[in-house]
Amino acid sequence: MGGLILVTGGAGFIGSHLVDALLTAGHDVRVLDDFSTGKKENLRGAEALAAAHGGHFQLIAGDVRSEVKMRDAVDGCAAVCHLAAVASVTQSLADPVGTGSVTHGGTVNAVRMAIDADVPRFVLASSCAVYGDAARLPVAEASAPHPLSPYAEAKLAAEETCAAAADAGQLTAVCLRFFNVYGPRQDPGSEYSGVISRFMAAASAGAPVTVYGDGRQTRDFVYVGDVVEALVRALQRPHSGVATLNVGSGTPTSMLDVLGRLEELAGGPIERRFEEARSGDIRESRADARRAEWVLGWVAGETLAGGLKKTWAWYQERSHD
Ligand SMILES: NC(=O)c1ccc[n+]([C@@H]2O[C@H](COP(=O)([O-])OP(=O)(O)OC[C@H]3O[C@@H](n4cnc5c(N)ncnc54)[C@H](O)[C@@H]3O)[C@@H](O)[C@H]2O)c1
């Protein structure tokens, strides 16, 4: 890989870690973000990283649905990494039209502009939500999709947009189906937030944590550093057409297990408040990530204990800022 990489949603949780990794590897990076959930502070080290590693960093404030902004953003790029989306199942249930417009419509715009600008590689952040409540676990890419929310529907439609362009030979695409990503910078700010970030923020503040359902539902948690590694490999690996790949650890973990580990890190009990399970939430989730290993040589390298420790350290630092 070489040249300029566009990261849409680069001010967000995953996107900002990707920007740091690309700049550290000496690439030029351009971000397109409207800061709807992303933050400028996530990119505060970007200029310095670019200077230290001989690259350039550019930030474009704008909406991925804007043709003008997207045309400017893809200009001269060697690859697009498209992460911008309404990244929440709950939010999508509240605003299905807006979610479809940003998450699918924004992808249509990004793919179209990438084709017009002759950008050869397009990487999409998709989601395990496309599987719904899978009948067989671990779930592999060959399982029939069964979206249970407007978020999942929009991600599946975005994948199909990438696949259609790749099938027509207009670019090569990699759709990465992330499982439950966690790590530093994940915003704990709302009920929509990732569960580990909510638990961490509450535990850091000595506040009770809210558990939806009985807490025995499982998720496949994957550390953000591993997800960034999968994205970087997806940008680099030569292949033709489209590849759709699970990005998960392959290990199921219950909410109660996460809480137990967090109590160890916090050095004491954490009060739990149980509330009714949320609509659109699935019961169990676990990735079969063998295809990502085969295509990208990628496996999740971080243990849950190691990833939680790093994440906890970040929340501790942040609570003392
Ligand atoms: N975090 C996870 O567990 C997870 C799991 C599966 C898939 N994903 C996907 O990964 C991607 C990144 O997620 P994240 O967790 O970093 O979320 P995030 O909310 O932190 O990042 C999304 C970014 O996109 C930007 N954005 C949103 N709408 C935009 C628009 N219309 N125009 C321009 N920018 C816009 C936001 O400001 C933000 O910076 C998303 O596509 C999400 O659906 C995340």
# chains A, B, ... in the order shown; residues from 1 in each chain; ligands from 1
>>> residues_near_ligand(ligand="ligand 1", cutoff="7 Å", atoms="only C-alpha atoms and all ligand atoms", output="MDAnalysis selection string")
chainID A and resid 8:15 32:39 62:65 83:88 102 106 125:128 177:182 186:187 194
>>> write_last_selection(atoms="N, CA and C atoms", output="compact mmCIF listing (two decimals), in the first residue's frame")
# COMPACT_ATOMS: atom_id res chain seq x y z
N THR A 8 -13.32 7.73 6.20
CA THR A 8 -14.56 8.42 6.58
C THR A 8 -14.89 7.97 8.01
N GLY A 9 -15.43 8.88 8.80
CA GLY A 9 -15.68 8.55 10.20
C GLY A 9 -14.40 8.47 11.01
N GLY A 10 -13.35 9.15 10.52
CA GLY A 10 -12.02 9.06 11.14
C GLY A 10 -11.91 9.76 12.49
N ALA A 11 -12.93 10.55 12.86
CA ALA A 11 -12.89 11.19 14.19
C ALA A 11 -13.58 10.33 15.24
N GLY A 12 -14.08 9.18 14.82
CA GLY A 12 -14.80 8.30 15.75
C GLY A 12 -13.86 7.39 16.52
N PHE A 13 -14.46 6.50 17.26
CA PHE A 13 -13.71 5.56 18.11
C PHE A 13 -12.74 4.71 17.29
N ILE A 14 -13.25 3.90 16.39
CA ILE A 14 -12.37 3.00 15.61
C ILE A 14 -11.56 3.80 14.59
N GLY A 15 -12.23 4.75 13.92
CA GLY A 15 -11.58 5.52 12.87
C GLY A 15 -10.34 6.26 13.36
N LEU A 32 -12.78 12.37 6.48
CA LEU A 32 -14.05 13.07 6.25
C LEU A 32 -14.98 12.69 7.39
N ASP A 33 -15.42 13.68 8.15
CA ASP A 33 -16.27 13.39 9.31
C ASP A 33 -17.16 14.59 9.58
N ASP A 34 -18.40 14.34 10.02
CA ASP A 34 -19.29 15.46 10.36
C ASP A 34 -19.38 15.67 11.87
N PHE A 35 -18.61 14.93 12.63
CA PHE A 35 -18.55 15.07 14.09
C PHE A 35 -19.90 14.85 14.77
N SER A 36 -20.76 14.06 14.15
CA SER A 36 -22.05 13.80 14.79
C SER A 36 -21.85 12.94 16.04
N THR A 37 -20.96 11.96 15.98
CA THR A 37 -20.59 11.22 17.20
C THR A 37 -19.07 11.26 17.40
N GLY A 38 -18.32 11.57 16.36
CA GLY A 38 -16.86 11.65 16.48
C GLY A 38 -16.43 12.95 17.16
N LYS A 39 -15.18 12.97 17.57
CA LYS A 39 -14.69 14.15 18.32
C LYS A 39 -13.34 14.61 17.76
N GLY A 62 -17.47 17.36 7.01
CA GLY A 62 -18.59 17.27 6.07
C GLY A 62 -19.31 15.95 6.20
N ASP A 63 -20.43 15.89 5.47
CA ASP A 63 -21.34 14.74 5.54
C ASP A 63 -21.01 13.77 4.40
N VAL A 64 -20.98 12.48 4.70
CA VAL A 64 -20.67 11.49 3.67
C VAL A 64 -21.74 11.41 2.57
N ARG A 65 -22.88 12.05 2.81
CA ARG A 65 -23.91 12.06 1.77
C ARG A 65 -23.72 13.21 0.78
N LEU A 83 -15.91 4.19 7.27
CA LEU A 83 -16.39 3.84 8.62
C LEU A 83 -17.57 4.70 9.06
N ALA A 84 -17.79 5.81 8.39
CA ALA A 84 -18.86 6.72 8.84
C ALA A 84 -20.21 6.03 8.73
N ALA A 85 -21.00 6.11 9.79
CA ALA A 85 -22.32 5.48 9.82
C ALA A 85 -23.02 5.94 11.08
N VAL A 86 -24.33 5.72 11.12
CA VAL A 86 -25.04 5.82 12.40
C VAL A 86 -24.77 4.47 13.07
N ALA A 87 -23.84 4.48 14.04
CA ALA A 87 -23.27 3.21 14.52
C ALA A 87 -24.00 2.69 15.75
N SER A 88 -25.32 2.62 15.70
CA SER A 88 -26.05 2.19 16.88
C SER A 88 -27.38 1.55 16.50
N VAL A 102 -27.78 7.76 6.06
CA VAL A 102 -26.33 7.92 6.32
C VAL A 102 -25.59 6.61 6.02
N GLY A 106 -24.89 6.99 2.38
CA GLY A 106 -23.50 7.49 2.44
C GLY A 106 -22.54 6.53 1.76
N ALA A 125 -16.66 -0.79 6.79
CA ALA A 125 -16.92 -1.28 8.15
C ALA A 125 -18.35 -1.78 8.20
N SER A 126 -18.51 -3.11 8.18
CA SER A 126 -19.85 -3.67 8.32
C SER A 126 -19.96 -4.25 9.74
N SER A 127 -20.97 -5.06 9.96
CA SER A 127 -21.25 -5.46 11.34
C SER A 127 -21.81 -6.87 11.42
N CYS A 128 -21.53 -7.53 12.54
CA CYS A 128 -22.11 -8.85 12.81
C CYS A 128 -23.62 -8.75 12.96
N ARG A 177 -17.01 -7.51 8.78
CA ARG A 177 -18.13 -7.57 9.73
C ARG A 177 -17.56 -7.59 11.15
N PHE A 178 -17.47 -6.37 11.74
CA PHE A 178 -16.93 -6.28 13.09
C PHE A 178 -17.93 -6.88 14.07
N PHE A 179 -17.40 -7.58 15.08
CA PHE A 179 -18.24 -8.03 16.19
C PHE A 179 -18.21 -6.90 17.24
N ASN A 180 -18.19 -7.16 18.52
CA ASN A 180 -18.30 -6.06 19.49
C ASN A 180 -16.93 -5.47 19.81
N VAL A 181 -16.69 -4.31 19.25
CA VAL A 181 -15.38 -3.68 19.38
C VAL A 181 -15.34 -2.88 20.69
N TYR A 182 -14.21 -2.93 21.38
CA TYR A 182 -14.06 -2.14 22.61
C TYR A 182 -12.63 -1.63 22.69
N GLN A 186 -13.69 4.79 23.21
CA GLN A 186 -15.10 4.46 22.91
C GLN A 186 -15.96 5.34 23.79
N ASP A 187 -16.91 6.00 23.16
CA ASP A 187 -17.72 6.99 23.88
C ASP A 187 -18.76 6.29 24.75
N GLY A 194 -21.39 1.24 23.42
CA GLY A 194 -20.93 -0.13 23.59
C GLY A 194 -20.92 -0.48 25.08
>>> select_by_dssp(residues="region 62-131 of chain A", states="strand (DSSP E)", output="list in words")
Cys77, Ala78, Ala79, Val80, Cys81, His82, Arg121, Phe122, Val123, Leu124, Ala125, Ser126 and Ser127 of chain A
>>> write_last_selection(atoms="N, CA and C atoms", output="PDB file, in the first residue's frame")
ATOM      1  N   CYS A  77      -6.886   9.570  -3.963  1.00  0.00           N
ATOM      2  CA  CYS A  77      -6.694   8.514  -2.944  1.00  0.00           C
ATOM      3  C   CYS A  77      -6.341   7.164  -3.573  1.00  0.00           C
ATOM      4  N   ALA A  78      -5.514   6.404  -2.834  1.00  0.00           N
ATOM      5  CA  ALA A  78      -5.190   5.033  -3.239  1.00  0.00           C
ATOM      6  C   ALA A  78      -6.225   4.055  -2.686  1.00  0.00           C
ATOM      7  N   ALA A  79      -6.921   4.452  -1.623  1.00  0.00           N
ATOM      8  CA  ALA A  79      -7.922   3.569  -1.006  1.00  0.00           C
ATOM      9  C   ALA A  79      -8.860   4.392  -0.136  1.00  0.00           C
ATOM     10  N   VAL A  80     -10.072   3.848   0.037  1.00  0.00           N
ATOM     11  CA  VAL A  80     -11.055   4.447   0.943  1.00  0.00           C
ATOM     12  C   VAL A  80     -11.370   3.429   2.025  1.00  0.00           C
ATOM     13  N   CYS A  81     -11.357   3.908   3.256  1.00  0.00           N
ATOM     14  CA  CYS A  81     -11.793   3.074   4.369  1.00  0.00           C
ATOM     15  C   CYS A  81     -13.040   3.743   4.929  1.00  0.00           C
ATOM     16  N   HIS A  82     -14.186   3.137   4.682  1.00  0.00           N
ATOM     17  CA  HIS A  82     -15.461   3.812   4.938  1.00  0.00           C
ATOM     18  C   HIS A  82     -16.066   3.335   6.264  1.00  0.00           C
ATOM     19  N   ARG A 121      -9.274   0.536  -4.264  1.00  0.00           N
ATOM     20  CA  ARG A 121      -9.637  -0.326  -3.120  1.00  0.00           C
ATOM     21  C   ARG A 121     -10.617   0.374  -2.184  1.00  0.00           C
ATOM     22  N   PHE A 122     -11.684  -0.353  -1.827  1.00  0.00           N
ATOM     23  CA  PHE A 122     -12.703   0.202  -0.931  1.00  0.00           C
ATOM     24  C   PHE A 122     -12.920  -0.783   0.208  1.00  0.00           C
ATOM     25  N   VAL A 123     -12.739  -0.294   1.441  1.00  0.00           N
ATOM     26  CA  VAL A 123     -12.931  -1.150   2.624  1.00  0.00           C
ATOM     27  C   VAL A 123     -14.120  -0.609   3.411  1.00  0.00           C
ATOM     28  N   LEU A 124     -15.078  -1.475   3.695  1.00  0.00           N
ATOM     29  CA  LEU A 124     -16.301  -1.071   4.407  1.00  0.00           C
ATOM     30  C   LEU A 124     -16.322  -1.648   5.820  1.00  0.00           C
ATOM     31  N   ALA A 125     -16.659  -0.794   6.789  1.00  0.00           N
ATOM     32  CA  ALA A 125     -16.916  -1.283   8.150  1.00  0.00           C
ATOM     33  C   ALA A 125     -18.346  -1.782   8.196  1.00  0.00           C
ATOM     34  N   SER A 126     -18.511  -3.106   8.176  1.00  0.00           N
ATOM     35  CA  SER A 126     -19.848  -3.674   8.324  1.00  0.00           C
ATOM     36  C   SER A 126     -19.962  -4.254   9.740  1.00  0.00           C
ATOM     37  N   SER A 127     -20.968  -5.059   9.956  1.00  0.00           N
ATOM     38  CA  SER A 127     -21.251  -5.461  11.342  1.00  0.00           C
ATOM     39  C   SER A 127     -21.806  -6.874  11.422  1.00  0.00           C
TER      40      SER A 127
END
>>> closest_residue(among="A:His56, A:Arg233, A:Lys309, A:Arg286", to="Ala129 (chain A)", atoms="only C-alpha atoms")
A:Arg286
>>> residues_around(residues="Leu304 (chain A)", least_positions_apart="4", cutoff="9 Å", atoms="only C-alpha atoms", output="ChimeraX atom specification")
/A:221-223,258,308-309
>>> residues_around(residues="Ala157 (chain A)", least_positions_apart="3", cutoff="10 Å", atoms="only C-alpha atoms", output="list in words")
Gly100, Thr103, His104, Gly105, Thr107, Val108, Ser126, Val130, Tyr151, Ala152, Glu153, Ala154, Glu160, Thr161, Cys162 and Ala163 of chain A
>>> write_last_selection(atoms="C-alpha atoms", output="short mmCIF file (atom, residue, chain, number, x, y, z; two decimals), in the first residue's frame")
data_model
loop_
_atom_site.label_atom_id
_atom_site.label_comp_id
_atom_site.auth_asym_id
_atom_site.auth_seq_id
_atom_site.Cartn_x
_atom_site.Cartn_y
_atom_site.Cartn_z
CA GLY A 100 -30.62 4.29 6.10
CA THR A 103 -25.32 4.27 6.57
CA HIS A 104 -26.51 3.01 3.19
CA GLY A 105 -26.92 6.28 1.26
CA THR A 107 -21.94 4.25 1.20
CA VAL A 108 -23.61 4.58 -2.21
CA SER A 126 -19.85 -3.67 8.32
CA VAL A 130 -26.33 -8.50 9.66
CA TYR A 151 -28.97 -0.55 11.42
CA ALA A 152 -28.39 -4.15 10.29
CA GLU A 153 -30.49 -3.66 7.15
CA ALA A 154 -28.47 -0.57 6.21
CA GLU A 160 -24.38 -5.15 -1.44
CA THR A 161 -23.45 -1.77 -2.91
CA CYS A 162 -19.74 -2.65 -2.52
CA ALA A 163 -20.26 -6.13 -3.95
#
>>> closest_residue(among="A:Gly98, A:Gly169, A:Pro150, A:Gly206", to="Val119 (chain A)", atoms="only C-alpha atoms")
A:Gly169
>>> closest_residue(among="A:Thr99, A:Ser16, A:Asn246, A:Gln58", to="Ala292 (chain A)", atoms="only C-alpha atoms")
A:Asn246
>>> select_by_dssp(residues="region 265-312 of chain A", states="alpha helix (DSSP H)", output="list in words")
Leu265, Ala266, Arg290, Arg291, Ala292, Glu293, Trp294, Val295, Leu296, Leu304, Ala305, Gly306, Gly307, Leu308, Lys309, Lys310, Thr311 and Trp312 of chain A
>>> atom_distance(atom1="CA of Ala277 (chain A)", atom2="CA of Thr90 (chain A)")
11.9 Å
>>> residues_around(residues="Thr172 (chain A)", least_positions_apart="6", cutoff="7 Å", atoms="only C-alpha atoms", output="list in words")
Pro120, Arg121, Phe122, Ala166, Ser240, Gly241 and Val242 of chain A
>>> atom_distance(atom1="CA of Ser143 (chain A)", atom2="CA of Val299 (chain A)")
20.2 Å
>>> closest_residue(among="A:Ser149, A:Thr311, A:Gln170, A:Ser92", to="Asp118 (chain A)", atoms="only C-alpha atoms")
A:Gln170
